[in-house]
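Source file: input.csv (CSV, C-alpha atoms)
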```
chain,number,residue,atom,x,y,z
A,448,MET,CA,25.7,89.3,-26.6
A,449,PRO,CA,26.4,91.0,-29.9
A,450,PHE,CA,23.6,93.2,-31.3
A,451,VAL,CA,22.9,95.1,-34.5
A,452,LEU,CA,22.8,98.9,-34.3
A,453,GLU,CA,21.5,100.7,-37.3
A,454,LEU,CA,23.9,103.4,-38.7
A,455,GLU,CA,22.7,106.7,-37.4
A,456,ASN,CA,24.1,110.2,-37.4
A,457,PHE,CA,25.6,110.7,-33.9
A,458,GLN,CA,26.7,114.1,-32.7
A,459,GLY,CA,30.0,112.7,-31.5
A,460,PRO,CA,31.6,109.8,-29.6
A,461,PHE,CA,29.8,110.6,-26.4
A,462,ASP,CA,26.5,110.4,-28.2
A,463,LEU,CA,27.4,107.1,-29.7
A,464,LEU,CA,28.6,105.7,-26.4
A,465,LEU,CA,25.4,106.7,-24.6
A,466,ASN,CA,23.4,105.1,-27.4
A,467,LEU,CA,25.3,101.9,-27.1
A,468,LEU,CA,24.9,101.8,-23.3
A,469,ASP,CA,21.2,102.6,-23.7
A,470,LYS,CA,20.6,99.7,-26.2
A,471,GLN,CA,22.2,97.3,-23.8
A,472,LYS,CA,20.4,98.9,-20.9
A,473,LEU,CA,23.6,99.6,-19.0
A,474,GLU,CA,24.4,102.3,-16.5
A,475,ILE,CA,27.3,104.7,-17.0
A,476,THR,CA,30.1,102.8,-15.2
A,477,GLU,CA,33.7,101.7,-16.2
A,478,ILE,CA,32.5,98.1,-16.3
A,479,SER,CA,29.7,99.0,-18.7
A,480,LEU,CA,32.1,100.9,-20.9
A,481,SER,CA,34.4,98.0,-21.0
A,482,LYS,CA,31.5,95.8,-22.2
A,483,ILE,CA,30.7,98.1,-25.1
A,484,THR,CA,34.2,98.9,-26.3
A,485,ASP,CA,34.2,96.3,-29.1
A,486,ASP,CA,30.8,97.4,-30.3
A,487,TYR,CA,32.0,101.0,-30.3
A,488,LEU,CA,35.1,100.0,-32.4
A,489,ASP,CA,32.9,98.0,-34.8
A,490,TYR,CA,30.5,100.8,-35.2
A,491,ILE,CA,33.1,103.5,-36.0
A,492,SER,CA,34.8,101.3,-38.5
A,493,GLN,CA,31.5,101.4,-40.5
A,494,MET,CA,30.9,105.1,-40.2
A,495,ASN,CA,31.5,107.4,-43.0
A,496,LEU,CA,33.4,110.2,-41.2
A,497,THR,CA,35.5,113.2,-42.2
A,498,ILE,CA,39.0,113.3,-40.9
A,499,GLU,CA,38.1,115.9,-38.4
A,500,GLU,CA,35.1,113.9,-37.1
A,501,MET,CA,37.2,110.7,-37.1
A,502,ASN,CA,39.7,112.3,-34.8
A,503,SER,CA,37.3,112.7,-31.9
A,504,PHE,CA,35.9,109.2,-32.4
A,505,LEU,CA,39.4,107.7,-32.5
A,506,TYR,CA,40.5,109.6,-29.4
A,507,ILE,CA,37.7,108.0,-27.4
A,508,ALA,CA,38.3,104.6,-29.1
A,509,ALA,CA,41.9,104.8,-27.9
A,510,LYS,CA,40.8,105.8,-24.4
A,511,LEU,CA,38.3,102.9,-24.2
A,512,SER,CA,40.9,100.4,-25.4
A,513,LEU,CA,43.4,101.6,-22.9
A,514,ASP,CA,40.9,101.5,-20.0
A,515,LYS,CA,39.9,98.0,-21.0
A,516,SER,CA,43.5,96.9,-21.1
A,517,ARG,CA,44.3,98.5,-17.7
A,518,ALA,CA,41.3,96.8,-16.1
A,519,VAL,CA,42.7,93.4,-17.2
A,520,ILE,CA,46.2,94.1,-15.7
A,521,ASN,CA,44.9,96.3,-12.9
A,522,ILE,CA,46.8,99.5,-13.5
A,523,PRO,CA,45.1,102.8,-12.4
A,524,ASP,CA,44.4,105.8,-14.7
A,525,THR,CA,46.9,108.7,-14.7
A,526,GLU,CA,45.6,112.1,-13.4
A,527,ASP,CA,45.8,114.0,-16.7
A,528,GLU,CA,43.4,111.6,-18.6
A,529,ILE,CA,39.7,112.4,-19.0
A,530,ASP,CA,37.3,110.4,-16.9
A,531,LEU,CA,35.0,108.9,-19.4
A,532,THR,CA,32.2,108.1,-17.0
A,533,GLU,CA,32.1,111.7,-15.7
A,534,SER,CA,32.3,113.0,-19.2
A,535,LEU,CA,29.4,110.8,-20.3
A,536,LYS,CA,27.3,111.8,-17.3
A,537,GLN,CA,27.9,115.4,-18.1
A,538,TYR,CA,27.0,114.9,-21.7
A,539,GLN,CA,23.9,113.0,-20.7
A,540,LEU,CA,22.8,116.0,-18.7
A,541,ILE,CA,23.5,118.3,-21.7
A,542,LYS,CA,21.2,116.1,-23.8
A,543,LYS,CA,18.4,116.5,-21.2
A,544,GLN,CA,19.0,120.3,-21.1
A,545,ALA,CA,18.9,120.4,-24.9
A,546,GLN,CA,15.4,118.9,-24.7
A,547,ILE,CA,14.4,121.5,-22.2
A,548,LEU,CA,15.6,124.2,-24.6
A,549,ALA,CA,13.7,122.6,-27.4
A,550,LYS,CA,10.5,122.6,-25.3
A,551,PHE,CA,11.0,126.2,-24.1
A,552,SER,CA,11.6,127.4,-27.7
A,553,LYS,CA,8.0,126.5,-28.6
A,554,GLY,CA,7.0,129.5,-26.4
A,555,ARG,CA,9.4,131.9,-28.1
A,556,MET,CA,8.7,135.7,-28.2
A,557,TYR,CA,9.0,138.3,-30.9
A,558,SER,CA,10.3,141.8,-30.8
A,559,ARG,CA,10.1,144.6,-33.3
A,560,GLN,CA,11.6,143.8,-36.6
A,561,LYS,CA,13.5,146.1,-38.9
A,562,ASN,CA,12.1,146.5,-42.5
A,563,LEU,CA,9.1,144.3,-42.0
A,564,TYR,CA,6.7,144.4,-44.9
A,565,LYS,CA,3.7,142.1,-45.1
A,566,ASN,CA,3.3,140.0,-48.2
A,567,THR,CA,6.1,141.6,-50.2
A,568,LYS,CA,8.6,139.9,-52.4
A,569,THR,CA,10.5,143.1,-53.1
A,570,ALA,CA,13.9,141.8,-52.1
A,571,GLN,CA,13.9,138.8,-54.5
A,572,ILE,CA,12.8,140.6,-57.6
A,573,LEU,CA,13.5,144.3,-57.3
A,574,PRO,CA,17.2,144.6,-58.2
A,575,LEU,CA,16.8,142.6,-61.4
A,576,GLU,CA,13.7,144.5,-62.5
A,577,LEU,CA,15.4,147.8,-61.8
A,578,THR,CA,18.6,146.9,-63.7
A,579,SER,CA,16.5,145.7,-66.6
A,580,ILE,CA,14.6,149.0,-66.8
A,581,TYR,CA,17.8,151.0,-66.3
A,582,TYR,CA,19.5,149.4,-69.3
A,583,SER,CA,16.5,149.7,-71.5
A,584,ILE,CA,16.2,153.4,-70.8
A,585,LEU,CA,19.9,154.0,-71.4
A,586,LYS,CA,19.7,152.1,-74.6
A,587,ASN,CA,16.8,154.3,-75.9
A,588,LEU,CA,18.7,157.5,-75.1
A,589,GLU,CA,20.8,159.0,-77.8
A,590,LEU,CA,24.3,157.9,-77.3
A,591,THR,CA,25.7,160.7,-79.4
A,592,GLN,CA,24.4,163.4,-77.1
A,593,LYS,CA,26.8,165.5,-75.1
A,594,THR,CA,27.7,163.8,-71.8
A,595,HIS,CA,28.1,165.7,-68.6
A,596,THR,CA,31.0,165.3,-66.2
A,597,LEU,CA,29.4,164.5,-62.9
A,598,LYS,CA,32.5,165.1,-60.9
A,599,ASN,CA,32.8,168.8,-61.5
A,600,ASN,CA,29.2,169.7,-62.1
A,601,LYS,CA,27.5,170.1,-58.7
A,602,ASP,CA,25.0,172.6,-60.0
A,603,TYR,CA,23.8,170.2,-62.6
A,604,LEU,CA,23.5,167.3,-60.1
A,605,ASP,CA,21.6,169.6,-57.7
A,606,LYS,CA,19.2,170.6,-60.5
A,607,SER,CA,18.6,167.0,-61.6
A,608,ARG,CA,18.0,165.9,-58.0
A,609,ALA,CA,15.6,168.8,-57.4
A,610,LYS,CA,13.7,167.8,-60.6
A,611,PHE,CA,13.6,164.2,-59.3
A,612,ASN,CA,12.3,165.3,-55.9
A,613,ARG,CA,9.5,167.5,-57.5
A,614,HIS,CA,8.5,164.5,-59.6
A,615,ILE,CA,8.2,162.0,-56.8
A,616,ASN,CA,6.5,164.4,-54.4
A,617,ARG,CA,3.6,164.9,-56.7
A,618,LEU,CA,2.2,161.4,-56.2
A,619,LYS,CA,2.2,158.8,-53.5
A,620,THR,CA,2.7,155.9,-55.9
A,621,TYR,CA,4.3,155.8,-59.3
A,622,SER,CA,6.1,153.5,-61.7
A,623,VAL,CA,9.9,153.7,-62.2
A,624,ASP,CA,9.2,153.7,-65.9
A,625,GLU,CA,7.4,157.0,-65.6
A,626,ILE,CA,10.1,158.6,-63.5
A,627,MET,CA,12.9,157.5,-65.7
A,628,ALA,CA,11.1,158.5,-68.9
A,629,SER,CA,11.0,162.1,-67.7
A,630,ALA,CA,14.8,162.3,-67.8
A,631,ASP,CA,15.9,164.6,-70.5
A,632,ASN,CA,19.2,163.0,-71.1
A,633,ARG,CA,21.5,160.1,-70.1
A,634,THR,CA,23.1,161.9,-67.2
A,635,GLU,CA,19.8,162.9,-65.7
A,636,ALA,CA,18.6,159.3,-66.1
A,637,ILE,CA,21.6,158.1,-64.1
A,638,VAL,CA,20.9,160.7,-61.4
A,639,PHE,CA,17.3,159.7,-61.2
A,640,PHE,CA,18.2,156.0,-61.0
A,641,MET,CA,20.8,156.5,-58.4
A,642,SER,CA,18.3,158.6,-56.4
A,643,ILE,CA,15.7,155.8,-56.5
A,644,LEU,CA,18.3,153.3,-55.2
A,645,GLU,CA,19.4,155.8,-52.5
A,646,LEU,CA,15.9,156.3,-51.3
A,647,ILE,CA,15.2,152.6,-51.2
A,648,LYS,CA,18.4,152.1,-49.3
A,649,HIS,CA,17.4,154.7,-46.7
A,650,GLN,CA,13.8,153.3,-46.6
A,651,LYS,CA,12.3,156.5,-47.9
A,652,LEU,CA,10.8,154.5,-50.8
A,653,HIS,CA,9.2,151.1,-50.8
A,654,GLY,CA,9.8,149.3,-54.0
A,655,GLN,CA,7.5,146.6,-55.2
A,656,ALA,CA,7.9,144.3,-58.1
A,657,ASN,CA,6.5,143.3,-60.7
A,658,ILE,CA,5.0,146.7,-61.4
A,659,LEU,CA,7.3,148.9,-59.5
A,660,ILE,CA,5.6,151.3,-57.2
A,661,GLY,CA,7.1,153.7,-54.7
A,662,THR,CA,5.5,155.2,-51.7
A,663,SER,CA,6.7,158.4,-50.1
A,664,LYS,CA,7.2,158.1,-46.4
B,774,MET,CA,6.8,162.1,-17.6
B,775,ASN,CA,7.0,159.3,-15.1
B,776,LEU,CA,10.0,157.0,-14.9
B,777,THR,CA,8.3,153.8,-16.1
B,778,ALA,CA,6.9,155.6,-19.2
B,779,LYS,CA,10.3,156.9,-20.1
B,780,ILE,CA,11.8,153.4,-19.9
B,781,ILE,CA,9.0,151.9,-21.9
B,782,THR,CA,9.2,154.7,-24.5
B,783,ILE,CA,12.9,154.3,-25.1
B,784,LEU,CA,12.6,150.5,-25.4
B,785,PHE,CA,9.5,150.7,-27.6
B,786,TYR,CA,11.3,152.8,-30.2
B,787,SER,CA,14.2,150.3,-30.7
B,788,SER,CA,14.2,147.1,-32.6
B,789,GLU,CA,17.6,146.3,-31.0
B,790,PRO,CA,18.4,145.5,-27.3
B,791,ILE,CA,19.4,148.6,-25.4
B,792,ASN,CA,22.4,148.8,-23.0
B,793,ILE,CA,21.2,148.8,-19.4
B,794,THR,CA,23.8,151.3,-18.2
B,795,SER,CA,23.0,153.8,-21.0
B,796,LEU,CA,19.3,153.4,-20.4
B,797,ALA,CA,19.6,154.0,-16.7
B,798,LYS,CA,21.8,157.0,-17.2
B,799,ASN,CA,19.3,158.6,-19.6
B,800,VAL,CA,16.3,158.2,-17.3
B,801,GLY,CA,18.4,159.4,-14.3
B,802,ILE,CA,18.7,156.2,-12.2
B,803,LYS,CA,21.3,153.6,-11.3
B,804,SER,CA,21.6,150.4,-13.3
B,805,SER,CA,20.7,148.3,-10.3
B,806,GLU,CA,17.5,150.4,-9.8
B,807,LEU,CA,16.6,149.9,-13.5
B,808,LEU,CA,16.1,146.2,-13.1
B,809,ASP,CA,13.4,146.9,-10.4
B,810,GLU,CA,11.9,149.5,-12.7
B,811,ILE,CA,11.7,146.9,-15.5
B,812,LYS,CA,9.7,144.7,-13.2
B,813,THR,CA,7.3,147.6,-12.5
B,814,ALA,CA,7.0,148.3,-16.2
B,815,ASN,CA,6.3,144.6,-17.0
B,816,ARG,CA,3.4,144.6,-14.6
B,817,LYS,CA,1.9,147.6,-16.6
B,818,LEU,CA,2.7,146.0,-20.0
B,819,SER,CA,1.3,142.6,-19.1
B,820,ASP,CA,-2.3,143.5,-20.1
B,821,LEU,CA,-1.0,144.8,-23.5
B,822,GLY,CA,0.6,141.5,-24.4
B,823,LEU,CA,4.1,143.1,-24.1
B,824,ILE,CA,7.1,142.3,-21.9
B,825,ILE,CA,10.6,143.7,-21.3
B,826,ILE,CA,13.3,141.0,-21.3
B,827,THR,CA,16.9,141.5,-20.0
B,828,ASP,CA,20.1,139.5,-19.9
B,829,GLY,CA,21.5,141.8,-17.2
B,830,LEU,CA,23.5,143.9,-19.7
B,831,THR,CA,20.8,144.8,-22.2
B,832,ALA,CA,17.0,145.1,-22.3
B,833,GLN,CA,14.5,144.8,-25.1
B,834,MET,CA,10.7,144.9,-25.5
B,835,ALA,CA,9.0,141.9,-26.9
B,836,ALA,CA,5.5,140.4,-27.4
B,837,LYS,CA,4.6,137.9,-24.8
B,838,PRO,CA,4.8,134.2,-25.8
B,839,GLU,CA,1.0,133.7,-25.9
B,840,TYR,CA,0.9,136.2,-28.9
B,841,THR,CA,3.6,134.4,-30.9
B,842,SER,CA,1.1,132.3,-32.9
B,843,LEU,CA,-0.8,135.5,-33.8
B,844,ILE,CA,2.4,137.0,-35.2
B,845,ASP,CA,3.3,133.8,-37.0
B,846,GLU,CA,-0.1,133.7,-38.7
B,847,PHE,CA,-0.3,137.4,-39.6
B,848,TYR,CA,3.3,137.6,-41.0
B,849,ASP,CA,3.3,134.1,-42.4
B,850,SER,CA,6.5,133.3,-40.5
B,851,THR,CA,7.9,129.8,-39.9
B,852,PRO,CA,11.0,130.0,-37.7
B,853,GLN,CA,13.7,127.6,-38.6
B,854,ALA,CA,14.4,124.9,-36.0
B,855,LEU,CA,17.9,124.6,-34.6
B,856,SER,CA,19.9,121.5,-35.5
B,857,GLN,CA,20.7,119.0,-32.8
B,858,PRO,CA,24.4,120.0,-32.6
B,859,ALA,CA,23.4,123.7,-32.4
B,860,LEU,CA,20.8,122.8,-29.7
B,861,GLU,CA,23.4,120.9,-27.7
B,862,THR,CA,26.0,123.7,-28.0
B,863,LEU,CA,23.4,126.2,-27.0
B,864,SER,CA,22.5,124.1,-23.9
B,865,VAL,CA,26.2,124.0,-22.9
B,866,VAL,CA,26.4,127.8,-23.2
B,867,ALA,CA,23.1,128.5,-21.5
B,868,TYR,CA,23.6,126.3,-18.5
B,869,GLN,CA,27.4,126.8,-18.0
B,870,GLN,CA,27.9,130.4,-19.1
B,871,PRO,CA,30.3,132.1,-19.4
B,872,ILE,CA,32.2,129.3,-21.2
B,873,SER,CA,35.1,129.1,-23.6
B,874,LYS,CA,35.0,127.2,-27.0
B,875,ASP,CA,37.6,124.6,-25.7
B,876,GLU,CA,35.4,123.9,-22.7
B,877,ILE,CA,32.3,123.5,-24.9
B,878,ASP,CA,34.3,121.1,-27.2
B,879,GLU,CA,35.4,119.1,-24.2
B,880,ILE,CA,31.9,118.7,-22.8
B,881,ARG,CA,30.5,117.7,-26.2
B,882,GLY,CA,33.4,115.5,-27.2
B,883,VAL,CA,33.5,117.1,-30.7
B,884,SER,CA,34.4,120.4,-32.3
B,885,SER,CA,31.6,122.9,-31.8
B,886,GLU,CA,33.1,125.5,-34.2
B,887,GLN,CA,30.4,125.4,-36.8
B,888,SER,CA,27.6,125.3,-34.2
B,889,ILE,CA,29.1,128.3,-32.4
B,890,LYS,CA,29.3,130.2,-35.7
B,891,ASN,CA,25.7,129.5,-36.5
B,892,LEU,CA,24.5,130.4,-33.0
B,893,THR,CA,26.6,133.6,-33.1
B,894,ASN,CA,25.1,134.5,-36.5
B,895,LYS,CA,21.6,134.0,-35.2
B,896,HIS,CA,22.6,136.3,-32.2
B,897,LEU,CA,21.7,133.6,-29.7
B,898,ILE,CA,25.1,133.6,-28.1
B,899,LYS,CA,27.9,136.3,-28.0
B,900,LYS,CA,31.6,136.3,-27.3
B,901,SER,CA,32.9,138.5,-24.5
B,902,LEU,CA,36.1,138.9,-22.5
B,903,VAL,CA,35.8,137.4,-19.0
B,904,GLY,CA,38.9,137.6,-16.9
B,905,GLY,CA,41.0,138.2,-20.0
B,906,LEU,CA,39.6,135.0,-21.7
B,907,GLU,CA,37.1,134.8,-24.6
B,908,LYS,CA,34.0,133.2,-23.4
B,909,TYR,CA,30.4,132.7,-24.7
B,910,LYS,CA,27.2,133.9,-23.1
B,911,THR,CA,23.6,133.8,-24.2
B,912,THR,CA,21.8,137.0,-25.4
B,913,THR,CA,18.5,138.7,-25.2
B,914,ASP,CA,17.6,136.9,-28.5
B,915,PHE,CA,18.2,133.7,-26.7
B,916,LEU,CA,15.7,134.8,-24.0
B,917,LYS,CA,13.2,135.6,-26.7
B,918,LEU,CA,13.7,132.2,-28.3
B,919,MET,CA,13.1,130.6,-25.0
B,920,GLY,CA,10.1,132.8,-24.2
B,921,ILE,CA,11.5,133.9,-20.8
B,922,GLU,CA,12.2,137.3,-19.2
B,923,ASP,CA,15.6,136.4,-17.8
B,924,ILE,CA,17.9,133.4,-17.7
B,925,ASN,CA,16.8,132.4,-14.1
B,926,GLN,CA,13.4,131.4,-15.5
B,927,LEU,CA,15.1,128.6,-17.5
B,928,GLU,CA,14.2,125.2,-16.1
B,929,GLY,CA,17.2,123.8,-14.1
B,930,TYR,CA,19.3,126.9,-14.5
B,931,GLU,CA,19.7,127.6,-10.8
B,932,ASN,CA,21.0,124.1,-10.1
B,933,ALA,CA,23.3,124.0,-13.1
B,934,ASP,CA,27.0,123.4,-12.5
B,935,LYS,CA,28.2,126.9,-13.6
```

Spell out the structure here as structure tokens.
Amino acid sequence: MPFVLELENFQGPFDLLLNLLDKQKLEITEISLSKITDDYLDYISQMNLTIEEMNSFLYIAAKLSLDKSRAVINIPDTEDEIDLTESLKQYQLIKKQAQILAKFSKGRMYSRQKNLYKNTKTAQILPLELTSIYYSILKNLELTQKTHTLKNNKDYLDKSRAKFNRHINRLKTYSVDEIMASADNRTEAIVFFMSILELIKHQKLHGQANILIGTSK
Amino acid sequence: MNLTAKIITILFYSSEPINITSLAKNVGIKSSELLDEIKTANRKLSDLGLIIITDGLTAQMAAKPEYTSLIDEFYDSTPQALSQPALETLSVVAYQQPISKDEIDEIRGVSSEQSIKNLTNKHLIKKSLVGGLEKYKTTTDFLKLMGIEDINQLEGYENADK
């Protein structure tokens, strides 16, 4: 007797076959598969599948049609073909095991997390905020002042870094604006900014937007 | 320092699973002895709400499942549920490990490439060489997701067709 099966998202041909057997209350046997072959073919003709998905559905469609034809003219399967009934029984077991996993996962456990901060939105906002401050400070600095060559001026870099360290060691919390404003020139501002990014990267600073605050660890 | 305390201390410090061989070597025992020591450690940790889980190759300390809701509430975390294809693929790996991608595809009747990728990215399964072939196994993160100390505690695992 034909029946109507609503179009659903099946996980593959085995899932569809099991569903068709279930709707007809049939066991997994070759005879049952023969009975639902036409329904399977009707169903996949209505499905909106990608070429890759269609391959797996068509492969099983061909196998079903071949098995049905063989049953009529009584020719046995060849050894290298898949046994659909066995495959379906195995897949049915996997579905049950998937339900066990779903049940077990409700009792999941946690272990220590890296970089876990409670109630912080730092990651979403911080880079944008920092970039904005960085450009506003650069804009305010005199562009005509003498620039320093970072590559060959290690002493200057060390001095700028030491000044930055003195600054941040004074307080536990501070705004990036304050730190950056203490830079004497454009090069120093760059060193300060890079130092802030470096410390955040190595988790020595904890940045917090909207008002940026750092905490020495 | 006693042996159990050494094992607990090393595992407590790490947020990542620790290699069993390396851990055993560092505390001065054999790998096979370490698994027994982990059981001893777990008896001591039980009252503290902690547990050491192991997949046989690595070990990691975790909070016991009964404290999961406390962590969820405090850290406002809502874990993402696995999709049905991912759950099916994970079942195939869990109950029939070690297993190749082709074998997984054959059992499910469809390509499991995307599911395998997702599960690997979530560190629930990992690829390793078994007899020269690339095969998938579950991880300690899988054990944490299932809330079990080792894979043998998974319902139906012992009778699975591995």

- For range 462-476 of chain A, list every protein, DNA or RNA residue within 12 Å, evaluated using all atoms listed in the file, and leave out those in the same chain fewer than 2 positions away; present the list as a PyMOL selection string. (chain A and resi 448-460+478-491+494+503-504+507-508+511+514+530-542) or (chain B and resi 857-858+861+880-883)

- Note on the structure: Pairwise distance, CA of Ile791 in chain B with CA of Thr831 in chain B, equals 5.2 Å

- Residues of chain A within 6 Å of chain B, counting all atoms listed in the file, as a count of residues only: 13

- CA of Ser888 in chain B and CA of Lys874 in chain B are how many Å apart?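 Here the two named atoms are 10.5 Å from each other.
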
- Any idea what the distance is between CA of Leu892 in chain B and CA of Lys910 in chain B?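 If I compute the distance from CA of Leu892 in chain B to CA of Lys910 in chain B, I get 10.8 Å.
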